[in-house]
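Worksheet: the structure to be examined is printed underneath.
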Amino acid sequence: MKLKQLESMLGELQQFSNPKAELEQYPTGPHIASRMLYTAENSLGDVSNKIVADFGCGCGTLGAAASLMGAEQVIGIDIDSESLEIASLNAEDLELDINFIQCDIRNLAWRGPIVDTVVMNPPFGTRRTGADMEFLSAALKIASRAVYSLHKTSTREHVKKAALRGFGASSAEVLCELRFDVPKLYKFHKKREMDIAVDLWRFAPKTNQGNDN
């Protein structure tokens, strides 16, 4: 599938009807989501015929992108039941077979590498400090191949140090810097929209550098 086609299909998906500020629910736009999964597959072979988990899946955009890029199985995990309902509808609309689980990532009981690749747009940690690192720590425990994640560019050194020294990643690489468009969703937002510089990271767990197919 071509990048423009993927972005166009993701652009048709429903997004949050009642976003929750405490969960930092912001839609992952089709521009970013399509580039994340297109890069993961076409540059590094981390999606096609792989088991992919979408952590904090929200309305399921990244999971849908993974499925459209040929993932063998996609599992979407989120704490919010309303988001999972929308994600399920989105999967149905695109005729995608995605499994959804309602669970707090901090309470995920999986042990050891369960999936090949984790993709996620975690909370930035602005409402609850450390939320982004909780997601990264959990992802590196259950991915056998790679973790793709978005984090604020301003936190780059902190993210790299935490991944390599704290969470046992064997590598932590910024693949590119992107502009995350944040629309005015909540009362505390002063601007109609705002662009935030984010890094697209690829982390490899120590169990596997992710170079094999």
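Ligands are numbered from 1 in the order shown, chains are lettered A, B, ... in the order of the structure tokens, and residues start at 1 in each chain.
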
Name the residues in contact with Glu72 (chain A) at a cut-off of 12 Å, using only C-alpha atoms, excluding same-chain residues fewer than 4 positions from it; report them as a ChimeraX atom specification. /A:46-53,63,66-68,96-99,115-117

Considering only C-alpha atoms, return as a PDB file with C-alpha atoms, in the first residue's frame whatever protein or nucleic-acid residues lie within 8 Å of region 78-93 of chain A, sequence-local ones (same chain, fewer than 6 positions apart) excluded.
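Result saved to around_22.pdb:
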ATOM      1  CA  LEU A  13     -11.714   7.160  10.798  1.00  0.00           C
ATOM      2  CA  GLN A  14     -13.917   8.465  13.612  1.00  0.00           C
ATOM      3  CA  GLN A  15     -12.101  10.217  16.447  1.00  0.00           C
ATOM      4  CA  PHE A  16     -12.900  11.045  20.075  1.00  0.00           C
ATOM      5  CA  PHE A  55      -0.755   0.625  23.397  1.00  0.00           C
ATOM      6  CA  GLY A  56      -3.259   3.273  24.489  1.00  0.00           C
ATOM      7  CA  CYS A  57      -4.955   2.696  21.162  1.00  0.00           C
ATOM      8  CA  GLY A  58      -7.646   5.353  21.609  1.00  0.00           C
ATOM      9  CA  CYS A  59      -9.802   5.268  18.497  1.00  0.00           C
ATOM     10  CA  GLY A  60      -7.534   2.685  16.899  1.00  0.00           C
ATOM     11  CA  THR A  61      -5.724   4.695  14.240  1.00  0.00           C
ATOM     12  CA  ALA A  64      -5.713   0.138  11.832  1.00  0.00           C
ATOM     13  CA  PHE A 100      -9.377  -4.932  21.537  1.00  0.00           C
ATOM     14  CA  ILE A 101      -8.671  -5.235  25.263  1.00  0.00           C
ATOM     15  CA  GLN A 102      -9.758  -2.811  27.986  1.00  0.00           C
ATOM     16  CA  CYS A 103      -6.867  -2.558  30.414  1.00  0.00           C
ATOM     17  CA  ASP A 104      -4.639  -0.061  32.208  1.00  0.00           C
ATOM     18  CA  ILE A 105      -1.179  -0.489  30.686  1.00  0.00           C
TER      19      ILE A 105
END

Taking the DSSP secondary structure from the backbone, can you list the residues of region 93-183 of chain A that are strand (DSSP E or B), as a VMD selection string? chain A and resid 98 to 102 115 to 120 143 to 152 169 to 183

Take the selection from the previous step and output its residues with N, CA and C atoms, as a tab-separated table (two decimals), in the first residue's frame.
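Full text of selection.tsv as output:
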chain	number	residue	atom	x	y	z
A	98	ILE	N	-9.30	-6.77	14.24
A	98	ILE	CA	-8.43	-6.29	15.31
A	98	ILE	C	-9.03	-6.70	16.65
A	99	ASN	N	-8.22	-7.20	17.55
A	99	ASN	CA	-8.67	-7.58	18.89
A	99	ASN	C	-8.46	-6.40	19.84
A	100	PHE	N	-9.48	-6.05	20.61
A	100	PHE	CA	-9.38	-4.93	21.54
A	100	PHE	C	-9.52	-5.42	22.98
A	101	ILE	N	-8.69	-4.87	23.85
A	101	ILE	CA	-8.67	-5.23	25.26
A	101	ILE	C	-8.77	-3.96	26.10
A	102	GLN	N	-9.69	-3.94	27.06
A	102	GLN	CA	-9.76	-2.81	27.99
A	102	GLN	C	-8.87	-3.11	29.18
A	115	VAL	N	4.41	-10.03	21.85
A	115	VAL	CA	4.17	-9.55	20.49
A	115	VAL	C	5.50	-9.21	19.84
A	116	ASP	N	5.45	-9.05	18.53
A	116	ASP	CA	6.68	-8.65	17.82
A	116	ASP	C	6.96	-7.17	17.98
A	117	THR	N	5.93	-6.37	17.71
A	117	THR	CA	6.11	-4.92	17.63
A	117	THR	C	5.01	-4.19	18.41
A	118	VAL	N	5.40	-3.16	19.15
A	118	VAL	CA	4.43	-2.28	19.81
A	118	VAL	C	4.48	-0.92	19.11
A	119	VAL	N	3.32	-0.37	18.79
A	119	VAL	CA	3.22	0.99	18.26
A	119	VAL	C	2.37	1.79	19.24
A	120	MET	N	2.73	3.05	19.46
A	120	MET	CA	1.95	3.81	20.44
A	120	MET	C	2.20	5.31	20.33
A	143	ALA	N	7.56	-6.55	23.86
A	143	ALA	CA	7.91	-6.56	22.44
A	143	ALA	C	9.19	-7.38	22.22
A	144	SER	N	9.17	-8.29	21.29
A	144	SER	CA	10.36	-9.07	21.00
A	144	SER	C	11.23	-8.42	19.94
A	145	ARG	N	10.63	-7.50	19.16
A	145	ARG	CA	11.32	-6.96	17.99
A	145	ARG	C	11.58	-5.45	18.07
A	146	ALA	N	10.49	-4.68	18.27
A	146	ALA	CA	10.66	-3.22	18.24
A	146	ALA	C	9.49	-2.52	18.90
A	147	VAL	N	9.75	-1.30	19.36
A	147	VAL	CA	8.72	-0.41	19.88
A	147	VAL	C	8.83	0.91	19.12
A	148	TYR	N	7.72	1.34	18.53
A	148	TYR	CA	7.65	2.64	17.86
A	148	TYR	C	6.79	3.55	18.71
A	149	SER	N	7.31	4.72	19.04
A	149	SER	CA	6.59	5.58	19.96
A	149	SER	C	6.86	7.05	19.66
A	150	LEU	N	5.88	7.89	19.98
A	150	LEU	CA	6.00	9.34	19.82
A	150	LEU	C	6.22	9.99	21.17
A	151	HIS	N	7.24	10.86	21.24
A	151	HIS	CA	7.52	11.59	22.47
A	151	HIS	C	7.92	13.02	22.11
A	152	LYS	N	7.62	13.94	23.01
A	152	LYS	CA	7.99	15.33	22.76
A	152	LYS	C	9.49	15.44	22.50
A	169	ALA	N	16.51	-1.29	26.96
A	169	ALA	CA	16.52	-1.29	25.50
A	169	ALA	C	17.95	-1.47	24.99
A	170	SER	N	18.10	-2.19	23.91
A	170	SER	CA	19.43	-2.37	23.32
A	170	SER	C	19.77	-1.22	22.38
A	171	SER	N	18.74	-0.53	21.87
A	171	SER	CA	18.97	0.65	21.03
A	171	SER	C	17.78	1.58	21.14
A	172	ALA	N	18.04	2.86	20.94
A	172	ALA	CA	16.99	3.88	20.97
A	172	ALA	C	17.34	4.92	19.91
A	173	GLU	N	16.56	4.95	18.85
A	173	GLU	CA	16.89	5.80	17.70
A	173	GLU	C	15.72	6.69	17.32
A	174	VAL	N	15.99	7.97	17.15
A	174	VAL	CA	14.99	8.90	16.62
A	174	VAL	C	15.00	8.78	15.10
A	175	LEU	N	13.91	8.30	14.54
A	175	LEU	CA	13.83	8.11	13.09
A	175	LEU	C	13.56	9.42	12.36
A	176	CYS	N	12.74	10.28	12.99
A	176	CYS	CA	12.46	11.58	12.38
A	176	CYS	C	11.75	12.46	13.39
A	177	GLU	N	11.73	13.75	13.11
A	177	GLU	CA	10.99	14.70	13.94
A	177	GLU	C	9.75	15.11	13.17
A	178	LEU	N	8.61	15.10	13.85
A	178	LEU	CA	7.34	15.40	13.22
A	178	LEU	C	6.63	16.53	13.96
A	179	ARG	N	5.62	17.09	13.32
A	179	ARG	CA	4.82	18.13	13.96
A	179	ARG	C	3.47	17.53	14.31
A	180	PHE	N	3.18	17.48	15.61
A	180	PHE	CA	1.92	16.92	16.10
A	180	PHE	C	0.91	18.04	16.25
A	181	ASP	N	-0.14	17.97	15.45
A	181	ASP	CA	-1.17	19.01	15.47
A	181	ASP	C	-2.15	18.75	16.60
A	182	VAL	N	-2.18	19.65	17.57
A	182	VAL	CA	-3.10	19.51	18.71
A	182	VAL	C	-4.23	20.52	18.54
A	183	PRO	N	-5.44	20.03	18.22
A	183	PRO	CA	-6.58	20.96	18.09
A	183	PRO	C	-7.06	21.41	19.46

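When only C-alpha atoms are used to measure the gap to Gly112 (chain A), the shortest distance among A:Leu94, A:Leu136, A:Ile142, A:Ala204 belongs to A:Ile142.
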
Shell around Phe167 (chain A) at 7 Å using only C-alpha atoms, local window under 4 positions removed, as a ChimeraX atom specification: /A:137,140,162-163

Residue neighbourhood Ser8 (chain A), 12 Å, only C-alpha atoms, exclusion window fewer than 2 positions, as a ChimeraX atom specification: /A:1-6,10-13,29-35,61,65,68

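The gap separating CA of Gly45 (chain A) from CA of Ser154 (chain A) is 28.4 Å, in Å to one decimal.
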
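Distance-wise, CA of Gly130 (chain A) and CA of Tyr38 (chain A) end up 28.4 Å apart.
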
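Residue nearest Gly76 (chain A), chosen from A:Asp199, A:Asp54, A:Glu157, A:Glu41 and counting only C-alpha atoms: A:Asp54.
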
May I have all residues of region 79-210 of chain A that DSSP, computed from the backbone, assigns to helix (DSSP H, G or I), given as number ranges by chain? A: 81-93, 105-107, 131-142, 153-166

Output file for the residues above (C-alpha atoms, as an mmCIF file, in the first residue's frame):
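Result file follows (selection.cif):
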data_model
loop_
_atom_site.group_PDB
_atom_site.id
_atom_site.type_symbol
_atom_site.label_atom_id
_atom_site.label_comp_id
_atom_site.auth_asym_id
_atom_site.auth_seq_id
_atom_site.Cartn_x
_atom_site.Cartn_y
_atom_site.Cartn_z
ATOM 1 C CA SER A 81 -14.322 1.903 27.080
ATOM 2 C CA GLU A 82 -15.734 4.766 24.984
ATOM 3 C CA SER A 83 -12.557 4.953 22.902
ATOM 4 C CA LEU A 84 -12.590 1.190 22.385
ATOM 5 C CA GLU A 85 -16.167 1.363 21.091
ATOM 6 C CA ILE A 86 -15.084 3.895 18.467
ATOM 7 C CA ALA A 87 -11.989 1.827 17.640
ATOM 8 C CA SER A 88 -14.158 -1.253 17.106
ATOM 9 C CA LEU A 89 -16.452 0.676 14.754
ATOM 10 C CA ASN A 90 -13.443 1.979 12.837
ATOM 11 C CA ALA A 91 -12.098 -1.553 12.418
ATOM 12 C CA GLU A 92 -15.505 -2.747 11.208
ATOM 13 C CA ASP A 93 -15.759 0.100 8.706
ATOM 14 C CA ILE A 105 -1.179 -0.489 30.686
ATOM 15 C CA ARG A 106 0.270 -0.402 34.215
ATOM 16 C CA ASN A 107 -1.762 -3.504 35.089
ATOM 17 C CA ALA A 131 2.825 8.464 32.173
ATOM 18 C CA ASP A 132 4.897 8.399 28.978
ATOM 19 C CA MET A 133 7.651 6.398 30.664
ATOM 20 C CA GLU A 134 5.163 3.900 32.108
ATOM 21 C CA PHE A 135 4.029 3.120 28.581
ATOM 22 C CA LEU A 136 7.592 2.775 27.304
ATOM 23 C CA SER A 137 8.633 0.513 30.163
ATOM 24 C CA ALA A 138 5.640 -1.780 29.611
ATOM 25 C CA ALA A 139 6.154 -1.879 25.841
ATOM 26 C CA LEU A 140 9.808 -2.900 26.084
ATOM 27 C CA LYS A 141 8.850 -5.789 28.359
ATOM 28 C CA ILE A 142 6.485 -7.436 25.889
ATOM 29 C CA THR A 153 11.259 16.423 21.157
ATOM 30 C CA SER A 154 11.974 18.481 24.285
ATOM 31 C CA THR A 155 12.231 15.223 26.271
ATOM 32 C CA ARG A 156 14.662 13.518 23.863
ATOM 33 C CA GLU A 157 17.621 13.080 26.224
ATOM 34 C CA HIS A 158 15.393 11.940 29.086
ATOM 35 C CA VAL A 159 13.635 9.375 26.869
ATOM 36 C CA LYS A 160 16.900 7.972 25.542
ATOM 37 C CA LYS A 161 18.441 7.647 28.995
ATOM 38 C CA ALA A 162 15.341 6.000 30.436
ATOM 39 C CA ALA A 163 15.081 3.510 27.573
ATOM 40 C CA LEU A 164 18.726 2.442 27.570
ATOM 41 C CA ARG A 165 19.550 2.604 31.268
ATOM 42 C CA GLY A 166 16.217 2.119 32.964
#

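Coordinates place CA of Arg111 (chain A) at a distance of 14.1 Å from CA of Pro205 (chain A).
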